[in-house]
file entry-v4.cif (mmCIF, C-alpha atoms; chains and numbers go by the auth columns)
data_entry
loop_
_atom_site.group_PDB
_atom_site.id
_atom_site.type_symbol
_atom_site.label_atom_id
_atom_site.label_comp_id
_atom_site.label_asym_id
_atom_site.label_seq_id
_atom_site.Cartn_x
_atom_site.Cartn_y
_atom_site.Cartn_z
_atom_site.B_iso_or_equiv
_atom_site.auth_seq_id
_atom_site.auth_asym_id
ATOM 1 C CA MET A 1 111.685 124.107 93.069 0.00 1 A
ATOM 2 C CA ILE A 2 111.934 126.118 96.269 0.00 2 A
ATOM 3 C CA VAL A 3 112.871 123.750 99.030 0.00 3 A
ATOM 4 C CA GLY A 4 111.475 124.174 102.532 0.00 4 A
ATOM 5 C CA CYS A 5 113.697 122.740 105.237 0.00 5 A
ATOM 6 C CA GLY A 6 111.687 123.197 108.382 0.00 6 A
ATOM 7 C CA LYS A 7 108.289 123.655 109.898 0.00 7 A
ATOM 8 C CA LYS A 8 108.003 127.370 109.295 0.00 8 A
ATOM 9 C CA GLU A 9 109.649 127.737 105.921 0.00 9 A
ATOM 10 C CA SER A 10 107.225 128.142 103.040 0.00 10 A
ATOM 11 C CA LYS A 11 107.429 125.829 100.084 0.00 11 A
ATOM 12 C CA GLN A 12 105.782 126.880 96.838 0.00 12 A
ATOM 13 C CA GLU A 13 105.829 123.490 95.115 0.00 13 A
ATOM 14 C CA ILE A 14 105.270 119.995 96.433 0.00 14 A
ATOM 15 C CA VAL A 15 106.070 117.040 94.174 0.00 15 A
ATOM 16 C CA VAL A 16 104.404 113.706 94.953 0.00 16 A
ATOM 17 C CA GLY A 17 105.615 110.543 93.240 0.00 17 A
ATOM 18 C CA VAL A 18 102.914 108.124 92.080 0.00 18 A
ATOM 19 C CA VAL A 19 102.703 105.023 89.882 0.00 19 A
ATOM 20 C CA GLY A 20 100.038 104.581 87.211 0.00 20 A
ATOM 21 C CA GLU A 21 97.807 107.126 85.546 0.00 21 A
ATOM 22 C CA HIS A 22 94.489 107.542 87.306 0.00 22 A
ATOM 23 C CA TYR A 23 94.887 109.821 90.301 0.00 23 A
ATOM 24 C CA LYS A 24 91.887 112.077 89.945 0.00 24 A
ATOM 25 C CA TYR A 25 91.226 111.692 93.684 0.00 25 A
ATOM 26 C CA TRP A 26 94.226 113.983 94.220 0.00 26 A
ATOM 27 C CA ASP A 27 92.346 116.838 92.493 0.00 27 A
ATOM 28 C CA PRO A 28 90.734 118.142 95.718 0.00 28 A
ATOM 29 C CA VAL A 29 94.157 118.215 97.394 0.00 29 A
ATOM 30 C CA ILE A 30 95.689 120.048 94.442 0.00 30 A
ATOM 31 C CA GLU A 31 92.861 122.603 94.520 0.00 31 A
ATOM 32 C CA LYS A 32 93.247 123.237 98.262 0.00 32 A
ATOM 33 C CA PHE A 33 96.939 124.021 97.838 0.00 33 A
ATOM 34 C CA LYS A 34 96.217 126.149 94.774 0.00 34 A
ATOM 35 C CA GLU A 35 94.051 128.368 96.983 0.00 35 A
ATOM 36 C CA GLU A 36 97.133 128.921 99.136 0.00 36 A
ATOM 37 C CA GLY A 37 99.402 129.707 96.182 0.00 37 A
ATOM 38 C CA ILE A 38 101.172 126.354 96.380 0.00 38 A
ATOM 39 C CA THR A 39 101.498 123.973 93.438 0.00 39 A
ATOM 40 C CA LEU A 40 101.153 120.277 94.186 0.00 40 A
ATOM 41 C CA THR A 41 102.410 118.218 91.251 0.00 41 A
ATOM 42 C CA LEU A 42 102.085 114.475 90.699 0.00 42 A
ATOM 43 C CA LYS A 43 105.200 112.940 89.175 0.00 43 A
ATOM 44 C CA VAL A 44 104.234 109.675 87.504 0.00 44 A
ATOM 45 C CA PHE A 45 106.654 106.752 87.555 0.00 45 A
ATOM 46 C CA ASN A 46 106.051 103.585 85.562 0.00 46 A
ATOM 47 C CA GLU A 47 107.656 101.143 88.009 0.00 47 A
ATOM 48 C CA TYR A 48 107.197 100.514 91.724 0.00 48 A
ATOM 49 C CA SER A 49 110.960 100.211 92.194 0.00 49 A
ATOM 50 C CA ILE A 50 111.658 103.922 91.554 0.00 50 A
ATOM 51 C CA PRO A 51 109.631 106.262 93.842 0.00 51 A
ATOM 52 C CA ASN A 52 111.260 105.359 97.176 0.00 52 A
ATOM 53 C CA LYS A 53 114.727 105.823 95.709 0.00 53 A
ATOM 54 C CA ALA A 54 113.628 109.135 94.200 0.00 54 A
ATOM 55 C CA LEU A 55 112.262 110.234 97.566 0.00 55 A
ATOM 56 C CA ALA A 56 115.381 109.215 99.461 0.00 56 A
ATOM 57 C CA GLU A 57 117.528 111.100 96.940 0.00 57 A
ATOM 58 C CA LYS A 58 115.324 114.219 97.233 0.00 58 A
ATOM 59 C CA GLU A 59 114.142 114.141 93.620 0.00 59 A
ATOM 60 C CA ILE A 60 110.572 114.315 94.946 0.00 60 A
ATOM 61 C CA ASP A 61 109.072 115.467 98.235 0.00 61 A
ATOM 62 C CA LEU A 62 106.578 112.704 99.015 0.00 62 A
ATOM 63 C CA ASN A 63 105.326 109.553 97.375 0.00 63 A
ATOM 64 C CA ALA A 64 101.961 107.833 97.396 0.00 64 A
ATOM 65 C CA PHE A 65 102.001 104.459 95.657 0.00 65 A
ATOM 66 C CA GLN A 66 102.702 101.721 98.200 0.00 66 A
ATOM 67 C CA HIS A 67 101.377 99.921 101.239 0.00 67 A
ATOM 68 C CA TYR A 68 103.065 99.389 104.603 0.00 68 A
ATOM 69 C CA LEU A 69 104.332 95.957 103.565 0.00 69 A
ATOM 70 C CA TYR A 70 106.145 97.326 100.516 0.00 70 A
ATOM 71 C CA LEU A 71 107.636 100.328 102.332 0.00 71 A
ATOM 72 C CA ASN A 72 108.907 98.203 105.219 0.00 72 A
ATOM 73 C CA GLN A 73 110.515 95.751 102.797 0.00 73 A
ATOM 74 C CA GLU A 74 112.241 98.575 100.904 0.00 74 A
ATOM 75 C CA ILE A 75 113.518 100.136 104.143 0.00 75 A
ATOM 76 C CA LYS A 76 114.846 96.749 105.218 0.00 76 A
ATOM 77 C CA GLU A 77 116.512 96.135 101.853 0.00 77 A
ATOM 78 C CA PHE A 78 117.894 99.592 101.066 0.00 78 A
ATOM 79 C CA GLY A 79 118.094 101.360 104.415 0.00 79 A
ATOM 80 C CA TYR A 80 115.943 104.291 103.320 0.00 80 A
ATOM 81 C CA GLU A 81 115.201 106.807 106.087 0.00 81 A
ATOM 82 C CA LEU A 82 111.537 107.139 105.187 0.00 82 A
ATOM 83 C CA SER A 83 108.427 107.335 107.357 0.00 83 A
ATOM 84 C CA VAL A 84 104.671 107.146 106.964 0.00 84 A
ATOM 85 C CA LEU A 85 103.026 110.565 106.787 0.00 85 A
ATOM 86 C CA ALA A 86 99.445 109.377 106.281 0.00 86 A
ATOM 87 C CA GLU A 87 97.260 106.424 105.402 0.00 87 A
ATOM 88 C CA THR A 88 95.370 106.836 102.137 0.00 88 A
ATOM 89 C CA ILE A 89 93.514 103.940 100.531 0.00 89 A
ATOM 90 C CA ILE A 90 93.139 100.198 100.491 0.00 90 A
ATOM 91 C CA ASP A 91 93.755 99.133 96.930 0.00 91 A
ATOM 92 C CA PRO A 92 92.581 95.506 96.514 0.00 92 A
ATOM 93 C CA LEU A 93 94.648 93.147 94.407 0.00 93 A
ATOM 94 C CA GLY A 94 92.555 91.224 91.908 0.00 94 A
ATOM 95 C CA ILE A 95 92.678 88.211 89.614 0.00 95 A
ATOM 96 C CA TYR A 96 91.646 89.162 86.084 0.00 96 A
ATOM 97 C CA SER A 97 91.060 87.113 82.958 0.00 97 A
ATOM 98 C CA ASN A 98 89.993 87.542 79.358 0.00 98 A
ATOM 99 C CA LYS A 99 89.476 83.781 79.073 0.00 99 A
ATOM 100 C CA HIS A 100 87.651 82.738 82.233 0.00 100 A
ATOM 101 C CA LEU A 101 84.544 84.012 83.994 0.00 101 A
ATOM 102 C CA ASP A 102 85.594 82.559 87.332 0.00 102 A
ATOM 103 C CA THR A 103 88.468 80.655 88.906 0.00 103 A
ATOM 104 C CA ASN A 104 86.573 77.345 88.719 0.00 104 A
ATOM 105 C CA SER A 105 86.873 77.259 84.931 0.00 105 A
ATOM 106 C CA VAL A 106 90.664 77.478 84.882 0.00 106 A
ATOM 107 C CA LYS A 107 92.181 74.445 83.143 0.00 107 A
ATOM 108 C CA LYS A 108 95.362 72.509 83.794 0.00 108 A
ATOM 109 C CA ASN A 109 98.657 74.056 82.674 0.00 109 A
ATOM 110 C CA GLY A 110 97.139 77.524 82.523 0.00 110 A
ATOM 111 C CA ILE A 111 99.491 80.516 82.443 0.00 111 A
ATOM 112 C CA VAL A 112 99.330 82.962 85.349 0.00 112 A
ATOM 113 C CA VAL A 113 101.303 86.206 85.700 0.00 113 A
ATOM 114 C CA ILE A 114 101.939 87.912 89.029 0.00 114 A
ATOM 115 C CA PRO A 115 103.947 91.000 90.101 0.00 115 A
ATOM 116 C CA ASP A 116 107.698 90.448 90.319 0.00 116 A
ATOM 117 C CA ASP A 117 108.413 92.462 93.462 0.00 117 A
ATOM 118 C CA VAL A 118 108.727 90.614 96.767 0.00 118 A
ATOM 119 C CA THR A 119 105.700 92.045 98.549 0.00 119 A
ATOM 120 C CA ASN A 120 103.126 92.136 95.759 0.00 120 A
ATOM 121 C CA GLY A 121 104.398 88.833 94.379 0.00 121 A
ATOM 122 C CA GLY A 122 103.886 87.199 97.770 0.00 122 A
ATOM 123 C CA ARG A 123 100.548 88.907 98.143 0.00 123 A
ATOM 124 C CA ALA A 124 99.538 87.577 94.700 0.00 124 A
ATOM 125 C CA LEU A 125 100.403 84.017 95.676 0.00 125 A
ATOM 126 C CA LYS A 126 98.308 84.372 98.841 0.00 126 A
ATOM 127 C CA LEU A 127 95.452 85.637 96.654 0.00 127 A
ATOM 128 C CA LEU A 128 95.749 82.621 94.350 0.00 128 A
ATOM 129 C CA GLU A 129 95.701 80.456 97.462 0.00 129 A
ATOM 130 C CA ALA A 130 92.594 82.209 98.795 0.00 130 A
ATOM 131 C CA ALA A 131 90.954 81.547 95.423 0.00 131 A
ATOM 132 C CA GLY A 132 91.632 77.818 95.870 0.00 132 A
ATOM 133 C CA LEU A 133 94.120 77.543 92.998 0.00 133 A
ATOM 134 C CA ILE A 134 97.316 76.735 94.905 0.00 134 A
ATOM 135 C CA LYS A 135 98.648 76.265 98.423 0.00 135 A
ATOM 136 C CA VAL A 136 101.784 77.886 99.829 0.00 136 A
ATOM 137 C CA ASP A 137 103.976 77.239 102.846 0.00 137 A
ATOM 138 C CA PRO A 138 102.169 78.908 105.774 0.00 138 A
ATOM 139 C CA SER A 139 105.479 79.541 107.560 0.00 139 A
ATOM 140 C CA LYS A 140 106.319 82.171 104.915 0.00 140 A
ATOM 141 C CA GLY A 141 103.513 84.435 106.103 0.00 141 A
ATOM 142 C CA TYR A 142 102.380 86.993 103.548 0.00 142 A
ATOM 143 C CA LEU A 143 105.649 86.945 101.594 0.00 143 A
ATOM 144 C CA PRO A 144 105.927 83.522 99.938 0.00 144 A
ATOM 145 C CA SER A 145 107.772 83.065 96.649 0.00 145 A
ATOM 146 C CA LEU A 146 107.221 80.623 93.797 0.00 146 A
ATOM 147 C CA LEU A 147 109.546 78.228 95.607 0.00 147 A
ATOM 148 C CA ASP A 148 107.101 78.129 98.517 0.00 148 A
ATOM 149 C CA ILE A 149 104.188 76.674 96.542 0.00 149 A
ATOM 150 C CA THR A 150 103.344 73.375 98.200 0.00 150 A
ATOM 151 C CA GLU A 151 100.336 72.357 96.112 0.00 151 A
ATOM 152 C CA ASN A 152 99.504 73.171 92.491 0.00 152 A
ATOM 153 C CA ASN A 153 96.979 70.580 91.338 0.00 153 A
ATOM 154 C CA LEU A 154 96.308 72.352 88.036 0.00 154 A
ATOM 155 C CA ASN A 155 100.035 72.585 87.315 0.00 155 A
ATOM 156 C CA LEU A 156 99.605 76.307 86.708 0.00 156 A
ATOM 157 C CA ASP A 157 102.573 77.966 85.028 0.00 157 A
ATOM 158 C CA ILE A 158 102.996 80.968 87.338 0.00 158 A
ATOM 159 C CA LYS A 159 105.369 83.609 86.029 0.00 159 A
ATOM 160 C CA TYR A 160 106.689 86.874 87.388 0.00 160 A
ATOM 161 C CA ALA A 161 106.317 90.095 85.365 0.00 161 A
ATOM 162 C CA LYS A 162 106.684 93.827 85.945 0.00 162 A
ATOM 163 C CA SER A 163 103.487 95.072 87.587 0.00 163 A
ATOM 164 C CA ASP A 164 102.919 97.837 85.053 0.00 164 A
ATOM 165 C CA LEU A 165 103.180 95.384 82.142 0.00 165 A
ATOM 166 C CA ILE A 166 100.757 92.785 83.488 0.00 166 A
ATOM 167 C CA PRO A 167 97.480 94.438 82.343 0.00 167 A
ATOM 168 C CA SER A 168 98.686 94.412 78.721 0.00 168 A
ATOM 169 C CA MET A 169 99.449 90.682 79.025 0.00 169 A
ATOM 170 C CA LEU A 170 95.815 89.744 79.725 0.00 170 A
ATOM 171 C CA PRO A 171 95.047 88.553 76.149 0.00 171 A
ATOM 172 C CA ASP A 172 97.949 86.097 76.257 0.00 172 A
ATOM 173 C CA VAL A 173 97.497 84.463 79.661 0.00 173 A
ATOM 174 C CA ASP A 174 94.803 82.616 81.570 0.00 174 A
ATOM 175 C CA LEU A 175 94.995 84.713 84.726 0.00 175 A
ATOM 176 C CA ALA A 176 96.700 87.950 85.692 0.00 176 A
ATOM 177 C CA VAL A 177 97.062 89.280 89.218 0.00 177 A
ATOM 178 C CA ILE A 178 96.897 93.065 88.935 0.00 178 A
ATOM 179 C CA ASN A 179 97.247 95.861 91.469 0.00 179 A
ATOM 180 C CA GLY A 180 94.043 97.886 91.766 0.00 180 A
ATOM 181 C CA ASP A 181 95.543 101.206 90.668 0.00 181 A
ATOM 182 C CA LEU A 182 97.049 99.632 87.548 0.00 182 A
ATOM 183 C CA ALA A 183 93.779 97.835 86.780 0.00 183 A
ATOM 184 C CA VAL A 184 91.956 101.172 86.936 0.00 184 A
ATOM 185 C CA SER A 185 94.625 102.741 84.709 0.00 185 A
ATOM 186 C CA TYR A 186 93.913 99.960 82.204 0.00 186 A
ATOM 187 C CA GLY A 187 90.192 100.738 82.243 0.00 187 A
ATOM 188 C CA LYS A 188 89.138 97.982 84.632 0.00 188 A
ATOM 189 C CA LYS A 189 86.807 98.297 87.607 0.00 189 A
ATOM 190 C CA PRO A 190 88.140 95.922 90.268 0.00 190 A
ATOM 191 C CA THR A 191 84.759 95.226 91.873 0.00 191 A
ATOM 192 C CA ALA A 192 83.139 94.474 88.510 0.00 192 A
ATOM 193 C CA ASP A 193 85.892 93.143 86.250 0.00 193 A
ATOM 194 C CA SER A 194 88.032 90.958 88.507 0.00 194 A
ATOM 195 C CA ILE A 195 87.079 87.304 88.814 0.00 195 A
ATOM 196 C CA TYR A 196 88.465 87.191 92.345 0.00 196 A
ATOM 197 C CA LEU A 197 89.182 90.180 94.559 0.00 197 A
ATOM 198 C CA GLU A 198 91.331 90.437 97.658 0.00 198 A
ATOM 199 C CA GLU A 199 89.441 90.432 100.955 0.00 199 A
ATOM 200 C CA VAL A 200 89.890 93.821 102.641 0.00 200 A
ATOM 201 C CA ASP A 201 87.707 93.306 105.707 0.00 201 A
ATOM 202 C CA ILE A 202 90.163 93.270 108.615 0.00 202 A
ATOM 203 C CA ASN A 203 87.846 90.855 110.466 0.00 203 A
ATOM 204 C CA LYS A 204 88.295 88.344 107.641 0.00 204 A
ATOM 205 C CA ASN A 205 91.864 89.118 106.553 0.00 205 A
ATOM 206 C CA GLU A 206 94.266 89.900 109.377 0.00 206 A
ATOM 207 C CA ASN A 207 96.870 91.102 106.862 0.00 207 A
ATOM 208 C CA VAL A 208 94.784 94.060 105.697 0.00 208 A
ATOM 209 C CA LYS A 209 96.552 96.421 108.106 0.00 209 A
ATOM 210 C CA ASP A 210 99.807 95.807 106.200 0.00 210 A
ATOM 211 C CA LEU A 211 98.083 96.447 102.856 0.00 211 A
ATOM 212 C CA ILE A 212 96.936 99.984 103.629 0.00 212 A
ATOM 213 C CA ASN A 213 98.454 102.420 101.138 0.00 213 A
ATOM 214 C CA ILE A 214 100.339 105.324 102.581 0.00 214 A
ATOM 215 C CA ILE A 215 101.972 108.658 101.809 0.00 215 A
ATOM 216 C CA ALA A 216 105.689 108.385 102.571 0.00 216 A
ATOM 217 C CA VAL A 217 108.086 111.190 103.425 0.00 217 A
ATOM 218 C CA ARG A 218 111.731 111.465 104.368 0.00 218 A
ATOM 219 C CA THR A 219 111.865 111.015 108.127 0.00 219 A
ATOM 220 C CA GLU A 220 113.651 114.342 108.552 0.00 220 A
ATOM 221 C CA ASP A 221 110.666 116.106 106.917 0.00 221 A
ATOM 222 C CA LEU A 222 107.919 114.365 108.848 0.00 222 A
ATOM 223 C CA ASP A 223 106.899 117.531 110.705 0.00 223 A
ATOM 224 C CA ASN A 224 107.010 119.818 107.666 0.00 224 A
ATOM 225 C CA GLU A 225 103.951 122.080 107.923 0.00 225 A
ATOM 226 C CA ASN A 226 102.897 121.801 104.277 0.00 226 A
ATOM 227 C CA TYR A 227 103.386 118.057 104.221 0.00 227 A
ATOM 228 C CA GLN A 228 101.098 117.771 107.238 0.00 228 A
ATOM 229 C CA LYS A 229 98.545 119.727 105.197 0.00 229 A
ATOM 230 C CA VAL A 230 98.818 117.058 102.481 0.00 230 A
ATOM 231 C CA LYS A 231 97.634 114.556 105.062 0.00 231 A
ATOM 232 C CA THR A 232 94.764 116.787 106.187 0.00 232 A
ATOM 233 C CA TYR A 233 93.599 117.634 102.674 0.00 233 A
ATOM 234 C CA PHE A 234 93.816 114.034 101.468 0.00 234 A
ATOM 235 C CA GLN A 235 91.925 112.540 104.384 0.00 235 A
ATOM 236 C CA SER A 236 88.772 114.441 103.481 0.00 236 A
ATOM 237 C CA GLU A 237 85.213 113.903 102.324 0.00 237 A
ATOM 238 C CA ALA A 238 86.079 115.644 99.044 0.00 238 A
ATOM 239 C CA VAL A 239 88.597 112.929 98.212 0.00 239 A
ATOM 240 C CA ILE A 240 86.166 110.171 99.210 0.00 240 A
ATOM 241 C CA LYS A 241 83.547 111.699 96.923 0.00 241 A
ATOM 242 C CA VAL A 242 85.883 111.501 93.925 0.00 242 A
ATOM 243 C CA MET A 243 86.866 107.906 94.764 0.00 243 A
ATOM 244 C CA ASP A 244 83.227 106.883 95.055 0.00 244 A
ATOM 245 C CA GLU A 245 81.863 108.713 92.027 0.00 245 A
ATOM 246 C CA TYR A 246 84.719 108.664 89.529 0.00 246 A
ATOM 247 C CA TYR A 247 86.194 105.278 90.392 0.00 247 A
ATOM 248 C CA ASP A 248 82.974 103.493 91.323 0.00 248 A
ATOM 249 C CA LYS A 249 84.327 102.783 94.836 0.00 249 A
ATOM 250 C CA ALA A 250 87.336 100.874 93.467 0.00 250 A
ATOM 251 C CA PHE A 251 89.445 102.414 96.227 0.00 251 A
ATOM 252 C CA ILE A 252 88.562 102.263 99.914 0.00 252 A
ATOM 253 C CA PRO A 253 89.484 105.185 102.209 0.00 253 A
ATOM 254 C CA ALA A 254 91.770 103.674 104.820 0.00 254 A
ATOM 255 C CA TRP A 255 91.482 106.424 107.426 0.00 255 A
ATOM 256 C CA LYS A 256 87.746 106.013 107.963 0.00 256 A
#
call {"tool": "encode", "arguments": {"input": "entry-v4.cif", "output": "structure tokens"}}
result
Amino acid sequence: MIVGCGKKESKQEIVVGVVGEHYKYWDPVIEKFKEEGITLTLKVFNEYSIPNKALAEKEIDLNAFQHYLYLNQEIKEFGYELSVLAETIIDPLGIYSNKHLDTNSVKKNGIVVIPDDVTNGGRALKLLEAAGLIKVDPSKGYLPSLLDITENNLNLDIKYAKSDLIPSMLPDVDLAVINGDLAVSYGKKPTADSIYLEEVDINKNENVKDLINIIAVRTEDLDNENYQKVKTYFQSEAVIKVMDEYYDKAFIPAWK
């Protein structure tokens, strides 16, 4: 890889870290750079815990897998010197089930799996609360843990699991809270296949602003000319067209 250190230095390859498999909406961005003789490569990680570390350690140039809430938590926990380059999509979290058609049919002692990281785990609990299945301590904001459940009338057995493993656990549990990108990777359409989907209207869910997915960059590279082009090429009608047509509007462009 030829590394560009400043605004004016050319860089012939840009590596973007992602999580999951289905990132066809990056195709228009890749094509735009190809026209300029620059290769943009997506490096796929299988866990959310890796891409920020890889970015901080300069194994990749950018990453695009997380929302503001997750990035801010990682910066707080690990001291990463990372910044937001661009907003990309809103990727609704959903409740999925192979056993129930809606949340009203869930029985007592049902098994529920949710993501094991702090931000998406808390977000999942808030989603279960919004669906009327549990109540959590409101003082914990959008980051409650299992210890903050204050009401669980169905005595649901809520367990943590690695986000990327949760879709494969669907046959064995009553409910699974799955990130939208991973649901799509598993062949699910969030708007059609979830039995309860996260509210992404900012007028109805004040936390939506923290759930916007972003492209992150090392703070020292924030003004890199080619990285700024990534922002421009991503925030385009061509990308929206792919999201709408190929993914059946599963992802919502956040910059609109």
call {"tool": "atom_distance", "arguments": {"input": "entry-v4.cif", "atom1": "CA of Lys43 (chain A)", "atom2": "CA of Trp26 (chain A)"}}
result
12.1 Å
call {"tool": "axis_aligned_box", "arguments": {"input": "entry-v4.cif", "around": "region 145-154 of chain A", "padding_each_side": "6 Å", "output": "AutoDock Vina command-line options"}}
result
--center_x 102.9 --center_y 76.8 --center_z 93.3 --size_x 25.2 --size_y 24.5 --size_z 22.5
call {"tool": "closest_atom_pairs", "arguments": {"input": "entry-v4.cif", "of": "region 98-148 of chain A", "to": "region 44-65 of chain A", "cutoff": "12 Å", "atoms": "only C-alpha atoms", "output": "CSV"}}
result
residue,atom,partner,partner_atom,distance
A:Pro115,CA,A:Tyr48,CA,10.2
A:Asp116,CA,A:Tyr48,CA,10.2
A:Asp117,CA,A:Ser49,CA,8.3
A:Val118,CA,A:Ser49,CA,10.9
A:Thr119,CA,A:Tyr48,CA,11.0
A:Asn120,CA,A:Tyr48,CA,10.2
call {"tool": "resolve_selection", "arguments": {"input": "entry-v4.cif", "expression": "the PyMOL selection byres ((chain A and resi 121) around 12)", "output": "mmCIF file with C-alpha atoms, in the frame of the given file"}}
result
data_model
loop_
_atom_site.group_PDB
_atom_site.id
_atom_site.type_symbol
_atom_site.label_atom_id
_atom_site.label_comp_id
_atom_site.auth_asym_id
_atom_site.auth_seq_id
_atom_site.Cartn_x
_atom_site.Cartn_y
_atom_site.Cartn_z
ATOM 1 C CA LEU A 69 104.332 95.957 103.565
ATOM 2 C CA TYR A 70 106.145 97.326 100.516
ATOM 3 C CA LEU A 93 94.648 93.147 94.407
ATOM 4 C CA VAL A 112 99.330 82.962 85.349
ATOM 5 C CA VAL A 113 101.303 86.206 85.700
ATOM 6 C CA ILE A 114 101.939 87.912 89.029
ATOM 7 C CA PRO A 115 103.947 91.000 90.101
ATOM 8 C CA ASP A 116 107.698 90.448 90.319
ATOM 9 C CA ASP A 117 108.413 92.462 93.462
ATOM 10 C CA VAL A 118 108.727 90.614 96.767
ATOM 11 C CA THR A 119 105.700 92.045 98.549
ATOM 12 C CA ASN A 120 103.126 92.136 95.759
ATOM 13 C CA GLY A 122 103.886 87.199 97.770
ATOM 14 C CA ARG A 123 100.548 88.907 98.143
ATOM 15 C CA ALA A 124 99.538 87.577 94.700
ATOM 16 C CA LEU A 125 100.403 84.017 95.676
ATOM 17 C CA LYS A 126 98.308 84.372 98.841
ATOM 18 C CA LEU A 127 95.452 85.637 96.654
ATOM 19 C CA LEU A 128 95.749 82.621 94.350
ATOM 20 C CA TYR A 142 102.380 86.993 103.548
ATOM 21 C CA LEU A 143 105.649 86.945 101.594
ATOM 22 C CA PRO A 144 105.927 83.522 99.938
ATOM 23 C CA SER A 145 107.772 83.065 96.649
ATOM 24 C CA LEU A 146 107.221 80.623 93.797
ATOM 25 C CA LEU A 147 109.546 78.228 95.607
ATOM 26 C CA ASP A 148 107.101 78.129 98.517
ATOM 27 C CA ILE A 158 102.996 80.968 87.338
ATOM 28 C CA LYS A 159 105.369 83.609 86.029
ATOM 29 C CA TYR A 160 106.689 86.874 87.388
ATOM 30 C CA ALA A 161 106.317 90.095 85.365
ATOM 31 C CA LYS A 162 106.684 93.827 85.945
ATOM 32 C CA SER A 163 103.487 95.072 87.587
ATOM 33 C CA ALA A 176 96.700 87.950 85.692
ATOM 34 C CA VAL A 177 97.062 89.280 89.218
ATOM 35 C CA ILE A 178 96.897 93.065 88.935
ATOM 36 C CA ASN A 179 97.247 95.861 91.469
#
call {"tool": "closest_residue", "arguments": {"input": "entry-v4.cif", "among": "A:Leu211, A:Val217, A:Ile30, A:Val242", "to": "Ile90 (chain A)", "atoms": "only C-alpha atoms"}}
result
A:Leu211
call {"tool": "closest_residue", "arguments": {"input": "entry-v4.cif", "among": "A:Ile149, A:Ile252, A:Ala238, A:Met243", "to": "Glu31 (chain A)", "atoms": "all atoms listed in the file"}}
result
A:Ala238
call {"tool": "resolve_selection", "arguments": {"input": "entry-v4.cif", "expression": "the PyMOL selection byres ((chain A and resi 22) around 7)", "output": "PyMOL selection string"}}
result
chain A and resi 20-21+23-24+184-185
call {"tool": "closest_residue", "arguments": {"input": "entry-v4.cif", "among": "A:Val230, A:Leu170, A:Ile75, A:Leu165", "to": "Ile215 (chain A)", "atoms": "all atoms listed in the file"}}
result
A:Val230
call {"tool": "closest_residue", "arguments": {"input": "entry-v4.cif", "among": "A:Asp91, A:Glu74, A:Glu13, A:Glu36", "to": "Val200 (chain A)", "atoms": "all atoms listed in the file"}}
result
A:Asp91
call {"tool": "atom_distance", "arguments": {"input": "entry-v4.cif", "atom1": "CA of Asp248 (chain A)", "atom2": "CA of Leu197 (chain A)"}}
result
15.0 Å
call {"tool": "atom_distance", "arguments": {"input": "entry-v4.cif", "atom1": "CA of Thr39 (chain A)", "atom2": "CA of Lys229 (chain A)"}}
result
12.8 Å
call {"tool": "resolve_selection", "arguments": {"input": "entry-v4.cif", "expression": "the PyMOL selection byres ((chain A and resi 251) around 10)", "output": "PyMOL selection string"}}
result
chain A and resi 25+88-92+180-181+184+189-191+240+243-244+247-250+252-254
call {"tool": "write_last_selection", "arguments": {"input": "entry-v4.cif", "atoms": "C-alpha atoms", "output": "PDB file, in the coordinates of the input"}}
result
ATOM      1  CA  TYR A  25      91.226 111.692  93.684  1.00  0.00           C
ATOM      2  CA  THR A  88      95.370 106.836 102.137  1.00  0.00           C
ATOM      3  CA  ILE A  89      93.514 103.940 100.531  1.00  0.00           C
ATOM      4  CA  ILE A  90      93.139 100.198 100.491  1.00  0.00           C
ATOM      5  CA  ASP A  91      93.755  99.133  96.930  1.00  0.00           C
ATOM      6  CA  PRO A  92      92.581  95.506  96.514  1.00  0.00           C
ATOM      7  CA  GLY A 180      94.043  97.886  91.766  1.00  0.00           C
ATOM      8  CA  ASP A 181      95.543 101.206  90.668  1.00  0.00           C
ATOM      9  CA  VAL A 184      91.956 101.172  86.936  1.00  0.00           C
ATOM     10  CA  LYS A 189      86.807  98.297  87.607  1.00  0.00           C
ATOM     11  CA  PRO A 190      88.140  95.922  90.268  1.00  0.00           C
ATOM     12  CA  THR A 191      84.759  95.226  91.873  1.00  0.00           C
ATOM     13  CA  ILE A 240      86.166 110.171  99.210  1.00  0.00           C
ATOM     14  CA  MET A 243      86.866 107.906  94.764  1.00  0.00           C
ATOM     15  CA  ASP A 244      83.227 106.883  95.055  1.00  0.00           C
ATOM     16  CA  TYR A 247      86.194 105.278  90.392  1.00  0.00           C
ATOM     17  CA  ASP A 248      82.974 103.493  91.323  1.00  0.00           C
ATOM     18  CA  LYS A 249      84.327 102.783  94.836  1.00  0.00           C
ATOM     19  CA  ALA A 250      87.336 100.874  93.467  1.00  0.00           C
ATOM     20  CA  ILE A 252      88.562 102.263  99.914  1.00  0.00           C
ATOM     21  CA  PRO A 253      89.484 105.185 102.209  1.00  0.00           C
ATOM     22  CA  ALA A 254      91.770 103.674 104.820  1.00  0.00           C
TER      23      ALA A 254
END
call {"tool": "closest_residue", "arguments": {"input": "entry-v4.cif", "among": "A:Ala192, A:Ile14, A:Leu156, A:Leu133", "to": "Asn104 (chain A)", "atoms": "all atoms listed in the file"}}
result
A:Leu133
